[in-house]
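The block underneath contains the structure these notes are about, expressed in structure tokens.
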Amino acid sequence: MFQAPSVFQRAPLPPATRESEPRHTQTLTAAAPRPAPGTSAPVAAAPASAAAKKRDPYFDNVKYLAIVLVAVAHAWEPVMDGSRATRALYMIVYMFHMPAFILISGYFSRSFDMTAPKVKRLITSVAVPYVVFETAYSLFKRYADDSPDMAISLVDPFFLTWFLIALFIWRVTTPVWQAIRHPLPVALAIAALASVSPDIGDDLDLQRVLQFLPFFVLGLLLKPEHFQLVRRREVRLLSLPLFAGALVFAYWAAPRMQLGWFYRANSAQEMGAPWWSGAVMTLAMFGCALVLTVGFLAWVPGRARWFTVLGAGTICGYLLHGFLIKGAEYAGLFDRYTWLSDPVGLVAVSLVAAVAVTLMCAPPVGRALKWATEPDMNWAFRKVSARR
């Protein structure tokens with residue numbers, strides 16, 4: 001979870017240096033110049049590990065645009081009930097924005113194994129931020145929403161922190177998916193079974209973990225050439241009528257379809273639907289989400305843009321924008337200013353959310369929050385021998 005094809009005709013991408021926010025680096029493998037006659041050859045040609053490394057701007061662009069969609073969709077939730085068109089747009093965005101993010105996360109988790117260095121990165125960049133922000137969101141609700149009974153529970157993710165615990169579980173199981181013969185059908189079967197199993201409960205938000213699992217597994221299976229196909233001109237052109245048709249269907253379905261299907265946080269029975277509809281909707285939603293995700297990925301620019309640098313800070317944008325949304329909700333802002341549900345208000349809400357999450361992804365914010373999103377915890381881990 002694309003543009004210049006030559007990028008993906010090189011050797012596979014090296015392992016990410018940060019498991020929760022992959023570095024997406026590629027090694028430049030230009031051949032070393034030959035020594036001039038009469039001169040001695042260099043001691044050794046520059047090895048690939050010492051060559052210049054460069055982030056692939058495409059994936060940073062994907063991450064930034066996806067996180068903007070996440071923030072805007074969250075901002076729509078309190079004000080969209082009076083607008084069928086906004087609800088339809090919300091349904092389309094929710095259909096693919098998290099699947100796209102999860103798919104890219106899976107793609108850059110391909111090199112994960114249970115070696116000590118990668119386990120350390122997984123703990124410091126996923127588990128620790130989960131503990132910090134789950135606690136922070138719980139305390140924020142307790143005091144900002146005057147909810148003194150709000151408990152701090154690390155087994156019941158609050159609001160958007162579910163993604164961190166899900167990412168932790170998905171990454172830990174990566175070796176399993178890479179070992180079995182048919183991982184995607186197995187993941188789809190698990191998701192379908194979860195959707196008809198109301199007894200799973202809310203612990204660790206396992207419904208979401210299991211129902212979104214196929215997108216992560218699909219990301220593990222993808223190769224660079226698959227993204228070359230996605231970025232072809234034909235795919236871009238086909239995506240236009242695709243999104244137009246999706247918008248028409250979403251407008252028709254907006255007053256008829258439960259939003260719970262998009263959240264994947266409950267079983268079919270918990271939403272008052274027949275048990276068998278869970279399996280049917282799992283497959284249907286996976287197919288629809290995959291098609292829209294391809295359409296979204298096809299239009300993401302492959303070259304560096306002004307927002308490319310922000311792609312490295314999406315973890316901050318993701319974790320911080322929830323305070324803005326929940327803070328406005330706790331303050332009664334959406335109830336007090338009913339005009340926010342009008343077309344002009346919806347545009348204003350969208351712009352504020354987009355600008356806010358953009359600022360939250362800025363490098364200075366990332367540096368300021370590094371203690372929480374990527375702490376240096378060498379003191380907590382044993383030193384690993386170089387021989388190992």
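Residues in the structure tokens are numbered from 1 in each chain, the chains being A, B, ... in the order shown, and ligands are numbered from 1 in the order shown.
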*Leaving out Leu164 (chain A) and any residue of its chain fewer than 2 positions from it, which residues lie within 10 Å of it when counting only C-alpha atoms, given as a list in words?*
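What passes the distance filter is Ser20, Ser125, Val126, Ala127, Val128, Pro129, Tyr130, Val131, Phe133, Glu134, Pro157, Leu160, Thr161, Trp162, Ala166, Leu167, Phe168, Ile169, Trp170, Ile315 and Leu319 of chain A.
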*Please provide the set of residues having any atom within 7 Å of region 188-192 of chain A, restricted to only C-alpha atoms, with same-chain residues fewer than 3 positions apart removed, written as number ranges by chain.*
A: 184-185, 195-196, 210-211, 213-214, 278-279, 282
*Using only C-alpha atoms, which residue out of A:Leu229, A:Leu292, A:Phe323, A:Gln178 lies closest to Leu139 (chain A)?*
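Counting only C-alpha atoms, the residue closest to Leu139 (chain A) is A:Phe323.
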*asked:* Need to verify the contact set: Asp376 (chain A), 10 Å, only C-alpha atoms, exclusion of same-chain residues closer than 3 positions in sequence. Can you return it as a VMD selection string?
replied: chain A and resid 121 124 to 125 370 to 373 379 to 380
Expected file contents, prior selection, all heavy atoms, as a PDB file, in the first residue's frame:
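The file below, again18.pdb, is the result:
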```pdb
ATOM      1  N   ARG A 121      11.920  -2.471  15.017  1.00  0.00           N
ATOM      2  CA  ARG A 121      11.268  -1.381  14.297  1.00  0.00           C
ATOM      3  C   ARG A 121       9.753  -1.490  14.380  1.00  0.00           C
ATOM      4  O   ARG A 121       9.043  -0.489  14.447  1.00  0.00           O
ATOM      5  CB  ARG A 121      11.729  -1.369  12.839  1.00  0.00           C
ATOM      6  CG  ARG A 121      13.143  -0.854  12.649  1.00  0.00           C
ATOM      7  CD  ARG A 121      13.402  -0.479  11.211  1.00  0.00           C
ATOM      8  NE  ARG A 121      13.350  -1.636  10.323  1.00  0.00           N
ATOM      9  CZ  ARG A 121      14.395  -2.398  10.022  1.00  0.00           C
ATOM     10  NH1 ARG A 121      15.570  -2.140  10.574  1.00  0.00           N
ATOM     11  NH2 ARG A 121      14.269  -3.403   9.191  1.00  0.00           N
ATOM     12  N   THR A 124       8.799  -0.196  17.882  1.00  0.00           N
ATOM     13  CA  THR A 124       8.989   1.239  18.114  1.00  0.00           C
ATOM     14  C   THR A 124       8.137   2.107  17.192  1.00  0.00           C
ATOM     15  O   THR A 124       7.768   3.210  17.571  1.00  0.00           O
ATOM     16  CB  THR A 124      10.471   1.615  17.933  1.00  0.00           C
ATOM     17  OG1 THR A 124      10.911   1.236  16.619  1.00  0.00           O
ATOM     18  CG2 THR A 124      11.324   0.922  18.970  1.00  0.00           C
ATOM     19  N   SER A 125       7.847   1.638  15.992  1.00  0.00           N
ATOM     20  CA  SER A 125       7.125   2.482  15.041  1.00  0.00           C
ATOM     21  C   SER A 125       5.657   2.135  14.889  1.00  0.00           C
ATOM     22  O   SER A 125       4.919   2.847  14.202  1.00  0.00           O
ATOM     23  CB  SER A 125       7.799   2.409  13.663  1.00  0.00           C
ATOM     24  OG  SER A 125       7.788   1.081  13.168  1.00  0.00           O
ATOM     25  N   LYS A 370       8.678  12.700  16.849  1.00  0.00           N
ATOM     26  CA  LYS A 370       9.462  11.482  16.662  1.00  0.00           C
ATOM     27  C   LYS A 370       9.559  10.670  17.945  1.00  0.00           C
ATOM     28  O   LYS A 370       9.649   9.443  17.912  1.00  0.00           O
ATOM     29  CB  LYS A 370      10.856  11.838  16.149  1.00  0.00           C
ATOM     30  CG  LYS A 370      11.660  10.632  15.703  1.00  0.00           C
ATOM     31  CD  LYS A 370      12.977  11.032  15.064  1.00  0.00           C
ATOM     32  CE  LYS A 370      13.743   9.799  14.601  1.00  0.00           C
ATOM     33  NZ  LYS A 370      15.027  10.159  13.961  1.00  0.00           N
ATOM     34  N   TRP A 371       9.513  11.350  19.074  1.00  0.00           N
ATOM     35  CA  TRP A 371       9.581  10.634  20.357  1.00  0.00           C
ATOM     36  C   TRP A 371       8.401   9.687  20.539  1.00  0.00           C
ATOM     37  O   TRP A 371       8.495   8.701  21.286  1.00  0.00           O
ATOM     38  CB  TRP A 371       9.591  11.638  21.512  1.00  0.00           C
ATOM     39  CG  TRP A 371       8.341  12.457  21.598  1.00  0.00           C
ATOM     40  CD1 TRP A 371       8.081  13.643  20.985  1.00  0.00           C
ATOM     41  CD2 TRP A 371       7.153  12.121  22.334  1.00  0.00           C
ATOM     42  NE1 TRP A 371       6.807  14.075  21.288  1.00  0.00           N
ATOM     43  CE2 TRP A 371       6.217  13.167  22.123  1.00  0.00           C
ATOM     44  CE3 TRP A 371       6.788  11.053  23.161  1.00  0.00           C
ATOM     45  CZ2 TRP A 371       4.945  13.163  22.688  1.00  0.00           C
ATOM     46  CZ3 TRP A 371       5.523  11.037  23.730  1.00  0.00           C
ATOM     47  CH2 TRP A 371       4.627  12.100  23.490  1.00  0.00           C
ATOM     48  N   ALA A 372       7.275   9.978  19.836  1.00  0.00           N
ATOM     49  CA  ALA A 372       6.084   9.144  19.975  1.00  0.00           C
ATOM     50  C   ALA A 372       5.871   8.221  18.791  1.00  0.00           C
ATOM     51  O   ALA A 372       5.316   7.133  18.944  1.00  0.00           O
ATOM     52  CB  ALA A 372       4.845  10.027  20.149  1.00  0.00           C
ATOM     53  N   THR A 373       6.284   8.642  17.590  1.00  0.00           N
ATOM     54  CA  THR A 373       6.035   7.849  16.399  1.00  0.00           C
ATOM     55  C   THR A 373       7.204   6.966  15.988  1.00  0.00           C
ATOM     56  O   THR A 373       7.015   5.973  15.291  1.00  0.00           O
ATOM     57  CB  THR A 373       5.672   8.768  15.211  1.00  0.00           C
ATOM     58  OG1 THR A 373       6.756   9.674  14.967  1.00  0.00           O
ATOM     59  CG2 THR A 373       4.409   9.565  15.502  1.00  0.00           C
ATOM     60  N   TRP A 379      17.654   1.274  24.653  1.00  0.00           N
ATOM     61  CA  TRP A 379      17.785   0.818  26.027  1.00  0.00           C
ATOM     62  C   TRP A 379      16.879  -0.382  26.333  1.00  0.00           C
ATOM     63  O   TRP A 379      17.127  -1.136  27.285  1.00  0.00           O
ATOM     64  CB  TRP A 379      17.438   1.952  26.985  1.00  0.00           C
ATOM     65  CG  TRP A 379      16.074   2.531  26.736  1.00  0.00           C
ATOM     66  CD1 TRP A 379      15.772   3.579  25.935  1.00  0.00           C
ATOM     67  CD2 TRP A 379      14.830   2.068  27.275  1.00  0.00           C
ATOM     68  NE1 TRP A 379      14.408   3.820  25.926  1.00  0.00           N
ATOM     69  CE2 TRP A 379      13.811   2.906  26.751  1.00  0.00           C
ATOM     70  CE3 TRP A 379      14.464   1.040  28.149  1.00  0.00           C
ATOM     71  CZ2 TRP A 379      12.462   2.742  27.057  1.00  0.00           C
ATOM     72  CZ3 TRP A 379      13.121   0.875  28.474  1.00  0.00           C
ATOM     73  CH2 TRP A 379      12.145   1.732  27.928  1.00  0.00           C
ATOM     74  N   ALA A 380      15.842  -0.573  25.520  1.00  0.00           N
ATOM     75  CA  ALA A 380      14.869  -1.631  25.799  1.00  0.00           C
ATOM     76  C   ALA A 380      15.174  -2.935  25.071  1.00  0.00           C
ATOM     77  O   ALA A 380      14.486  -3.932  25.287  1.00  0.00           O
ATOM     78  CB  ALA A 380      13.466  -1.155  25.421  1.00  0.00           C
TER      79      ALA A 380
END
```
_Straight-line distance linking CA of Asp202 (chain A) with CA of Ala268 (chain A), stated in Å to one decimal_ =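 We find that CA of Asp202 (chain A) and CA of Ala268 (chain A) lie 14.6 Å from each other.
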*Report the residues of region 126-318 of chain A whose backbone DSSP state falls under helix (DSSP H, G or I), written as a PyMOL selection string.*
chain A and resi 126-144+159-172+174-179+183-195+198-200+203-211+213-221+224-230+233-253+260-263+269-271+275-299+308-318
*Counting only C-alpha atoms, which of A:Ala136, A:Val230, A:Met80, A:Met91 gets nearest to Phe262 (chain A)?*
A:Met91
